[in-house]
Amino acid sequence: MSFPKKVKFFPKENGYRDHGEAVQSSCFAAEIASALKRSLGDSRSGAKTVAAWTGANEKTVKNWFSGTYGPSGEHLVALTRHSDEVLVTFLAMAGREDLMIAIKLETAERAIADLLDAVRRLKDDQPIR
């Protein structure tokens with residue numbers, strides 16, 4: 001027995017999942033898609049970047065960007081390693097907003113340190129009046 005040649009894609013919903021589980025997975029996929037678009041934009045180069053981060057196929061990554069499917073656990077870990085937007089979105093979906101504050105503080109500290117370095121370099125280059 002062989003598969004029919006008329007259909008190129010598997011149906012989105014199958015008989016093995018109840019309706020509630022399918023809705024949750026599509027919500028997850030949509031949230032991750034939004035985070036990826038905020039982080040990298042909705043371009044081909046963004047998909048290539050994410051494919052390099054995760055080792056996933058570029059077509060798979062395009063499905064993540066479109067919200068058709070969400071990343072697996074292994075790919076989600078790689079995404080959170082490289083994208084703060086995806087990490088913040090994941091923590092919000094997990095109900096761990098308290099950890100988001102720590103991330104924002106760390107980002108602010110890094111920005112302040114960079115600004116302070118720039119001011120010191122500027123000060124060293126300027127003659128004293």
# chains A, B, ... in the order shown; residues from 1 in each chain; ligands from 1
>>> residues_around(residues="Ala78 (chain A)", least_positions_apart="2", cutoff="12 Å", atoms="only C-alpha atoms", output="PDB file with all heavy atoms, in the first residue's frame")
ATOM      1  N   THR A  49      19.598  32.978   9.857  1.00  0.00           N
ATOM      2  CA  THR A  49      20.270  33.150  11.140  1.00  0.00           C
ATOM      3  C   THR A  49      19.762  32.123  12.154  1.00  0.00           C
ATOM      4  O   THR A  49      20.543  31.473  12.838  1.00  0.00           O
ATOM      5  CB  THR A  49      20.061  34.570  11.675  1.00  0.00           C
ATOM      6  OG1 THR A  49      20.587  35.508  10.734  1.00  0.00           O
ATOM      7  CG2 THR A  49      20.710  34.778  13.009  1.00  0.00           C
ATOM      8  N   VAL A  50      18.444  31.990  12.243  1.00  0.00           N
ATOM      9  CA  VAL A  50      17.854  31.032  13.185  1.00  0.00           C
ATOM     10  C   VAL A  50      18.239  29.603  12.811  1.00  0.00           C
ATOM     11  O   VAL A  50      18.518  28.784  13.690  1.00  0.00           O
ATOM     12  CB  VAL A  50      16.320  31.216  13.248  1.00  0.00           C
ATOM     13  CG1 VAL A  50      15.669  30.092  14.037  1.00  0.00           C
ATOM     14  CG2 VAL A  50      15.984  32.555  13.871  1.00  0.00           C
ATOM     15  N   ALA A  51      18.288  29.297  11.525  1.00  0.00           N
ATOM     16  CA  ALA A  51      18.702  27.958  11.096  1.00  0.00           C
ATOM     17  C   ALA A  51      20.142  27.682  11.536  1.00  0.00           C
ATOM     18  O   ALA A  51      20.456  26.577  11.983  1.00  0.00           O
ATOM     19  CB  ALA A  51      18.564  27.823   9.579  1.00  0.00           C
ATOM     20  N   ALA A  52      20.999  28.698  11.458  1.00  0.00           N
ATOM     21  CA  ALA A  52      22.382  28.523  11.904  1.00  0.00           C
ATOM     22  C   ALA A  52      22.450  28.347  13.421  1.00  0.00           C
ATOM     23  O   ALA A  52      23.253  27.549  13.922  1.00  0.00           O
ATOM     24  CB  ALA A  52      23.227  29.721  11.475  1.00  0.00           C
ATOM     25  N   TRP A  53      21.633  29.088  14.158  1.00  0.00           N
ATOM     26  CA  TRP A  53      21.619  28.965  15.618  1.00  0.00           C
ATOM     27  C   TRP A  53      21.205  27.581  16.065  1.00  0.00           C
ATOM     28  O   TRP A  53      21.758  27.024  17.011  1.00  0.00           O
ATOM     29  CB  TRP A  53      20.641  29.959  16.233  1.00  0.00           C
ATOM     30  CG  TRP A  53      21.044  31.391  16.220  1.00  0.00           C
ATOM     31  CD1 TRP A  53      22.265  31.918  15.947  1.00  0.00           C
ATOM     32  CD2 TRP A  53      20.188  32.494  16.510  1.00  0.00           C
ATOM     33  NE1 TRP A  53      22.215  33.294  16.038  1.00  0.00           N
ATOM     34  CE2 TRP A  53      20.963  33.662  16.390  1.00  0.00           C
ATOM     35  CE3 TRP A  53      18.846  32.608  16.851  1.00  0.00           C
ATOM     36  CZ2 TRP A  53      20.430  34.933  16.610  1.00  0.00           C
ATOM     37  CZ3 TRP A  53      18.315  33.872  17.074  1.00  0.00           C
ATOM     38  CH2 TRP A  53      19.111  35.022  16.949  1.00  0.00           C
ATOM     39  N   THR A  54      20.160  27.056  15.405  1.00  0.00           N
ATOM     40  CA  THR A  54      19.515  25.837  15.902  1.00  0.00           C
ATOM     41  C   THR A  54      19.951  24.563  15.187  1.00  0.00           C
ATOM     42  O   THR A  54      19.760  23.473  15.713  1.00  0.00           O
ATOM     43  CB  THR A  54      17.991  25.951  15.761  1.00  0.00           C
ATOM     44  OG1 THR A  54      17.661  26.112  14.372  1.00  0.00           O
ATOM     45  CG2 THR A  54      17.445  27.100  16.567  1.00  0.00           C
ATOM     46  N   GLY A  55      20.482  24.699  13.985  1.00  0.00           N
ATOM     47  CA  GLY A  55      20.800  23.521  13.183  1.00  0.00           C
ATOM     48  C   GLY A  55      19.578  22.939  12.504  1.00  0.00           C
ATOM     49  O   GLY A  55      19.641  21.868  11.911  1.00  0.00           O
ATOM     50  N   ALA A  56      18.457  23.650  12.552  1.00  0.00           N
ATOM     51  CA  ALA A  56      17.229  23.182  11.919  1.00  0.00           C
ATOM     52  C   ALA A  56      17.238  23.529  10.433  1.00  0.00           C
ATOM     53  O   ALA A  56      17.932  24.454   9.998  1.00  0.00           O
ATOM     54  CB  ALA A  56      16.010  23.819  12.592  1.00  0.00           C
ATOM     55  N   PRO A  71       8.905  25.416  17.592  1.00  0.00           N
ATOM     56  CA  PRO A  71      10.128  24.623  17.709  1.00  0.00           C
ATOM     57  C   PRO A  71      10.011  23.533  18.762  1.00  0.00           C
ATOM     58  O   PRO A  71       9.240  23.645  19.706  1.00  0.00           O
ATOM     59  CB  PRO A  71      11.178  25.659  18.114  1.00  0.00           C
ATOM     60  CG  PRO A  71      10.408  26.755  18.750  1.00  0.00           C
ATOM     61  CD  PRO A  71       9.073  26.775  18.090  1.00  0.00           C
ATOM     62  N   SER A  72      10.798  22.482  18.578  1.00  0.00           N
ATOM     63  CA  SER A  72      10.860  21.412  19.580  1.00  0.00           C
ATOM     64  C   SER A  72      11.654  21.914  20.778  1.00  0.00           C
ATOM     65  O   SER A  72      12.230  22.999  20.753  1.00  0.00           O
ATOM     66  CB  SER A  72      11.544  20.183  18.970  1.00  0.00           C
ATOM     67  OG  SER A  72      12.906  20.488  18.696  1.00  0.00           O
ATOM     68  N   GLY A  73      11.712  21.129  21.815  1.00  0.00           N
ATOM     69  CA  GLY A  73      12.423  21.521  23.028  1.00  0.00           C
ATOM     70  C   GLY A  73      13.880  21.841  22.789  1.00  0.00           C
ATOM     71  O   GLY A  73      14.404  22.853  23.261  1.00  0.00           O
ATOM     72  N   GLU A  74      14.575  21.005  22.041  1.00  0.00           N
ATOM     73  CA  GLU A  74      15.993  21.214  21.763  1.00  0.00           C
ATOM     74  C   GLU A  74      16.207  22.523  20.995  1.00  0.00           C
ATOM     75  O   GLU A  74      17.118  23.300  21.300  1.00  0.00           O
ATOM     76  CB  GLU A  74      16.525  20.035  20.953  1.00  0.00           C
ATOM     77  CG  GLU A  74      17.990  20.123  20.586  1.00  0.00           C
ATOM     78  CD  GLU A  74      18.441  18.926  19.761  1.00  0.00           C
ATOM     79  OE1 GLU A  74      17.777  17.878  19.791  1.00  0.00           O
ATOM     80  OE2 GLU A  74      19.468  19.065  19.082  1.00  0.00           O
ATOM     81  N   HIS A  75      15.354  22.766  20.020  1.00  0.00           N
ATOM     82  CA  HIS A  75      15.479  23.998  19.237  1.00  0.00           C
ATOM     83  C   HIS A  75      15.071  25.220  20.058  1.00  0.00           C
ATOM     84  O   HIS A  75      15.650  26.297  19.899  1.00  0.00           O
ATOM     85  CB  HIS A  75      14.654  23.898  17.957  1.00  0.00           C
ATOM     86  CG  HIS A  75      15.198  22.895  16.988  1.00  0.00           C
ATOM     87  ND1 HIS A  75      14.404  21.985  16.336  1.00  0.00           N
ATOM     88  CD2 HIS A  75      16.460  22.647  16.568  1.00  0.00           C
ATOM     89  CE1 HIS A  75      15.146  21.230  15.554  1.00  0.00           C
ATOM     90  NE2 HIS A  75      16.405  21.609  15.680  1.00  0.00           N
ATOM     91  N   LEU A  76      14.105  25.056  20.934  1.00  0.00           N
ATOM     92  CA  LEU A  76      13.688  26.161  21.792  1.00  0.00           C
ATOM     93  C   LEU A  76      14.823  26.582  22.719  1.00  0.00           C
ATOM     94  O   LEU A  76      15.046  27.782  22.939  1.00  0.00           O
ATOM     95  CB  LEU A  76      12.446  25.779  22.598  1.00  0.00           C
ATOM     96  CG  LEU A  76      11.851  26.866  23.481  1.00  0.00           C
ATOM     97  CD1 LEU A  76      11.416  28.069  22.648  1.00  0.00           C
ATOM     98  CD2 LEU A  76      10.675  26.314  24.269  1.00  0.00           C
ATOM     99  N   THR A  80      16.432  30.337  22.810  1.00  0.00           N
ATOM    100  CA  THR A  80      16.512  31.170  24.010  1.00  0.00           C
ATOM    101  C   THR A  80      17.946  31.531  24.347  1.00  0.00           C
ATOM    102  O   THR A  80      18.195  32.558  24.974  1.00  0.00           O
ATOM    103  CB  THR A  80      15.852  30.483  25.227  1.00  0.00           C
ATOM    104  OG1 THR A  80      16.480  29.227  25.457  1.00  0.00           O
ATOM    105  CG2 THR A  80      14.364  30.285  25.007  1.00  0.00           C
ATOM    106  N   ARG A  81      18.883  30.713  23.922  1.00  0.00           N
ATOM    107  CA  ARG A  81      20.300  31.020  24.138  1.00  0.00           C
ATOM    108  C   ARG A  81      20.726  32.238  23.319  1.00  0.00           C
ATOM    109  O   ARG A  81      21.553  33.023  23.747  1.00  0.00           O
ATOM    110  CB  ARG A  81      21.148  29.806  23.747  1.00  0.00           C
ATOM    111  CG  ARG A  81      22.624  29.976  24.027  1.00  0.00           C
ATOM    112  CD  ARG A  81      23.439  28.741  23.654  1.00  0.00           C
ATOM    113  NE  ARG A  81      22.966  27.557  24.358  1.00  0.00           N
ATOM    114  CZ  ARG A  81      22.569  26.430  23.755  1.00  0.00           C
ATOM    115  NH1 ARG A  81      22.587  26.334  22.454  1.00  0.00           N
ATOM    116  NH2 ARG A  81      22.165  25.404  24.474  1.00  0.00           N
ATOM    117  N   HIS A  82      20.116  32.414  22.150  1.00  0.00           N
ATOM    118  CA  HIS A  82      20.541  33.473  21.225  1.00  0.00           C
ATOM    119  C   HIS A  82      19.607  34.674  21.171  1.00  0.00           C
ATOM    120  O   HIS A  82      20.022  35.744  20.735  1.00  0.00           O
ATOM    121  CB  HIS A  82      20.676  32.896  19.816  1.00  0.00           C
ATOM    122  CG  HIS A  82      21.790  31.904  19.684  1.00  0.00           C
ATOM    123  ND1 HIS A  82      23.104  32.273  19.581  1.00  0.00           N
ATOM    124  CD2 HIS A  82      21.784  30.549  19.664  1.00  0.00           C
ATOM    125  CE1 HIS A  82      23.860  31.199  19.483  1.00  0.00           C
ATOM    126  NE2 HIS A  82      23.090  30.138  19.547  1.00  0.00           N
ATOM    127  N   SER A  83      18.359  34.529  21.573  1.00  0.00           N
ATOM    128  CA  SER A  83      17.385  35.614  21.423  1.00  0.00           C
ATOM    129  C   SER A  83      16.721  35.941  22.754  1.00  0.00           C
ATOM    130  O   SER A  83      15.997  35.108  23.319  1.00  0.00           O
ATOM    131  CB  SER A  83      16.318  35.218  20.397  1.00  0.00           C
ATOM    132  OG  SER A  83      15.262  36.165  20.393  1.00  0.00           O
ATOM    133  N   ASP A  84      16.936  37.156  23.234  1.00  0.00           N
ATOM    134  CA  ASP A  84      16.277  37.598  24.463  1.00  0.00           C
ATOM    135  C   ASP A  84      14.769  37.684  24.277  1.00  0.00           C
ATOM    136  O   ASP A  84      14.008  37.413  25.208  1.00  0.00           O
ATOM    137  CB  ASP A  84      16.821  38.955  24.906  1.00  0.00           C
ATOM    138  CG  ASP A  84      18.225  38.863  25.473  1.00  0.00           C
ATOM    139  OD1 ASP A  84      18.665  37.747  25.817  1.00  0.00           O
ATOM    140  OD2 ASP A  84      18.888  39.919  25.581  1.00  0.00           O
ATOM    141  N   VAL A  86      12.818  35.738  22.459  1.00  0.00           N
ATOM    142  CA  VAL A  86      12.256  34.390  22.599  1.00  0.00           C
ATOM    143  C   VAL A  86      12.293  33.963  24.065  1.00  0.00           C
ATOM    144  O   VAL A  86      11.330  33.385  24.574  1.00  0.00           O
ATOM    145  CB  VAL A  86      12.999  33.378  21.698  1.00  0.00           C
ATOM    146  CG1 VAL A  86      12.507  31.961  21.950  1.00  0.00           C
ATOM    147  CG2 VAL A  86      12.832  33.741  20.237  1.00  0.00           C
ATOM    148  N   LEU A  87      13.372  34.285  24.759  1.00  0.00           N
ATOM    149  CA  LEU A  87      13.477  33.929  26.179  1.00  0.00           C
ATOM    150  C   LEU A  87      12.387  34.610  26.999  1.00  0.00           C
ATOM    151  O   LEU A  87      11.715  33.967  27.810  1.00  0.00           O
ATOM    152  CB  LEU A  87      14.860  34.299  26.715  1.00  0.00           C
ATOM    153  CG  LEU A  87      15.094  34.029  28.202  1.00  0.00           C
ATOM    154  CD1 LEU A  87      14.918  32.553  28.527  1.00  0.00           C
ATOM    155  CD2 LEU A  87      16.475  34.513  28.609  1.00  0.00           C
TER     156      LEU A  87
END
>>> closest_residue(among="A:Asn63, A:Asn57, A:Ile103, A:Ala111", to="Ala29 (chain A)", atoms="only C-alpha atoms")
A:Asn63
>>> closest_residue(among="A:Ala47, A:Leu40, A:Leu122, A:Ala102", to="Val88 (chain A)", atoms="only C-alpha atoms")
A:Ala102
>>> closest_residue(among="A:Arg121, A:Arg96, A:Trp64, A:Ala108", to="Ala35 (chain A)", atoms="only C-alpha atoms")
A:Trp64
>>> atom_distance(atom1="CA of Phe65 (chain A)", atom2="CA of Arg110 (chain A)")
28.7 Å
>>> residues_around(residues="Gly67 (chain A)", least_positions_apart="6", cutoff="12 Å", atoms="only C-alpha atoms", output="PyMOL selection string")
chain A and resi 25-37+42+60-61
>>> write_last_selection(atoms="all heavy atoms", output="compact mmCIF listing (two decimals), in the first residue's frame")
# COMPACT_ATOMS: atom_id res chain seq x y z
N SER A 25 -1.00 24.38 21.24
CA SER A 25 0.20 24.30 20.44
C SER A 25 0.23 25.40 19.39
O SER A 25 1.28 25.95 19.11
CB SER A 25 0.35 22.91 19.83
OG SER A 25 -0.07 22.86 18.52
N SER A 26 -0.92 25.77 18.83
CA SER A 26 -0.93 26.85 17.84
C SER A 26 -0.68 28.19 18.52
O SER A 26 -0.05 29.08 17.94
CB SER A 26 -2.24 26.86 17.05
OG SER A 26 -3.31 27.22 17.89
N CYS A 27 -1.14 28.36 19.76
CA CYS A 27 -0.86 29.58 20.52
C CYS A 27 0.63 29.68 20.80
O CYS A 27 1.23 30.74 20.65
CB CYS A 27 -1.67 29.59 21.81
SG CYS A 27 -1.41 31.05 22.82
N PHE A 28 1.24 28.58 21.18
CA PHE A 28 2.68 28.53 21.42
C PHE A 28 3.42 28.92 20.15
O PHE A 28 4.33 29.75 20.17
CB PHE A 28 3.08 27.13 21.88
CG PHE A 28 4.55 26.86 21.86
CD1 PHE A 28 5.38 27.40 22.83
CD2 PHE A 28 5.10 26.06 20.87
CE1 PHE A 28 6.75 27.15 22.81
CE2 PHE A 28 6.47 25.81 20.85
CZ PHE A 28 7.29 26.36 21.82
N ALA A 29 3.04 28.32 19.03
CA ALA A 29 3.70 28.60 17.75
C ALA A 29 3.55 30.07 17.38
O ALA A 29 4.51 30.70 16.91
CB ALA A 29 3.13 27.70 16.66
N ALA A 30 2.38 30.64 17.59
CA ALA A 30 2.15 32.05 17.25
C ALA A 30 2.98 32.98 18.14
O ALA A 30 3.53 33.98 17.65
CB ALA A 30 0.67 32.39 17.39
N GLU A 31 3.09 32.67 19.41
CA GLU A 31 3.90 33.49 20.32
C GLU A 31 5.38 33.44 19.96
O GLU A 31 6.06 34.47 19.96
CB GLU A 31 3.70 33.05 21.77
CG GLU A 31 2.33 33.37 22.33
CD GLU A 31 2.08 34.86 22.46
OE1 GLU A 31 3.03 35.61 22.75
OE2 GLU A 31 0.94 35.28 22.24
N ILE A 32 5.88 32.26 19.65
CA ILE A 32 7.29 32.12 19.27
C ILE A 32 7.52 32.85 17.94
O ILE A 32 8.55 33.52 17.76
CB ILE A 32 7.71 30.64 19.19
CG1 ILE A 32 7.63 29.99 20.57
CG2 ILE A 32 9.11 30.50 18.59
CD1 ILE A 32 8.54 30.59 21.62
N ALA A 33 6.58 32.74 17.01
CA ALA A 33 6.70 33.44 15.73
C ALA A 33 6.79 34.95 15.95
O ALA A 33 7.63 35.63 15.34
CB ALA A 33 5.52 33.10 14.82
N SER A 34 5.96 35.48 16.82
CA SER A 34 5.99 36.92 17.11
C SER A 34 7.33 37.32 17.72
O SER A 34 7.90 38.35 17.36
CB SER A 34 4.87 37.30 18.07
OG SER A 34 3.63 37.11 17.47
N ALA A 35 7.85 36.51 18.62
CA ALA A 35 9.13 36.81 19.26
C ALA A 35 10.27 36.77 18.24
O ALA A 35 11.16 37.63 18.25
CB ALA A 35 9.40 35.81 20.39
N LEU A 36 10.24 35.80 17.34
CA LEU A 36 11.27 35.72 16.31
C LEU A 36 11.23 36.94 15.39
O LEU A 36 12.26 37.49 15.03
CB LEU A 36 11.11 34.44 15.49
CG LEU A 36 11.51 33.14 16.19
CD1 LEU A 36 11.09 31.94 15.37
CD2 LEU A 36 13.00 33.12 16.46
N LYS A 37 10.02 37.36 15.03
CA LYS A 37 9.88 38.52 14.15
C LYS A 37 10.34 39.79 14.84
O LYS A 37 10.97 40.66 14.22
CB LYS A 37 8.44 38.65 13.68
CG LYS A 37 8.04 37.56 12.70
CD LYS A 37 6.57 37.65 12.36
CE LYS A 37 6.15 36.46 11.53
NZ LYS A 37 4.69 36.43 11.29
N ASP A 42 11.09 39.88 9.74
CA ASP A 42 10.44 38.81 8.96
C ASP A 42 11.11 38.73 7.60
O ASP A 42 10.51 39.00 6.57
CB ASP A 42 8.95 39.11 8.83
CG ASP A 42 8.17 37.90 8.36
OD1 ASP A 42 8.71 36.79 8.40
OD2 ASP A 42 7.01 38.08 7.95
N THR A 60 11.90 24.45 7.97
CA THR A 60 11.35 24.29 9.32
C THR A 60 11.32 25.64 10.03
O THR A 60 10.32 26.01 10.66
CB THR A 60 12.20 23.29 10.12
OG1 THR A 60 12.18 22.03 9.45
CG2 THR A 60 11.69 23.13 11.53
N VAL A 61 12.41 26.39 9.91
CA VAL A 61 12.49 27.70 10.55
C VAL A 61 11.46 28.66 9.96
O VAL A 61 10.83 29.43 10.69
CB VAL A 61 13.93 28.27 10.41
CG1 VAL A 61 13.99 29.70 10.90
CG2 VAL A 61 14.91 27.40 11.17
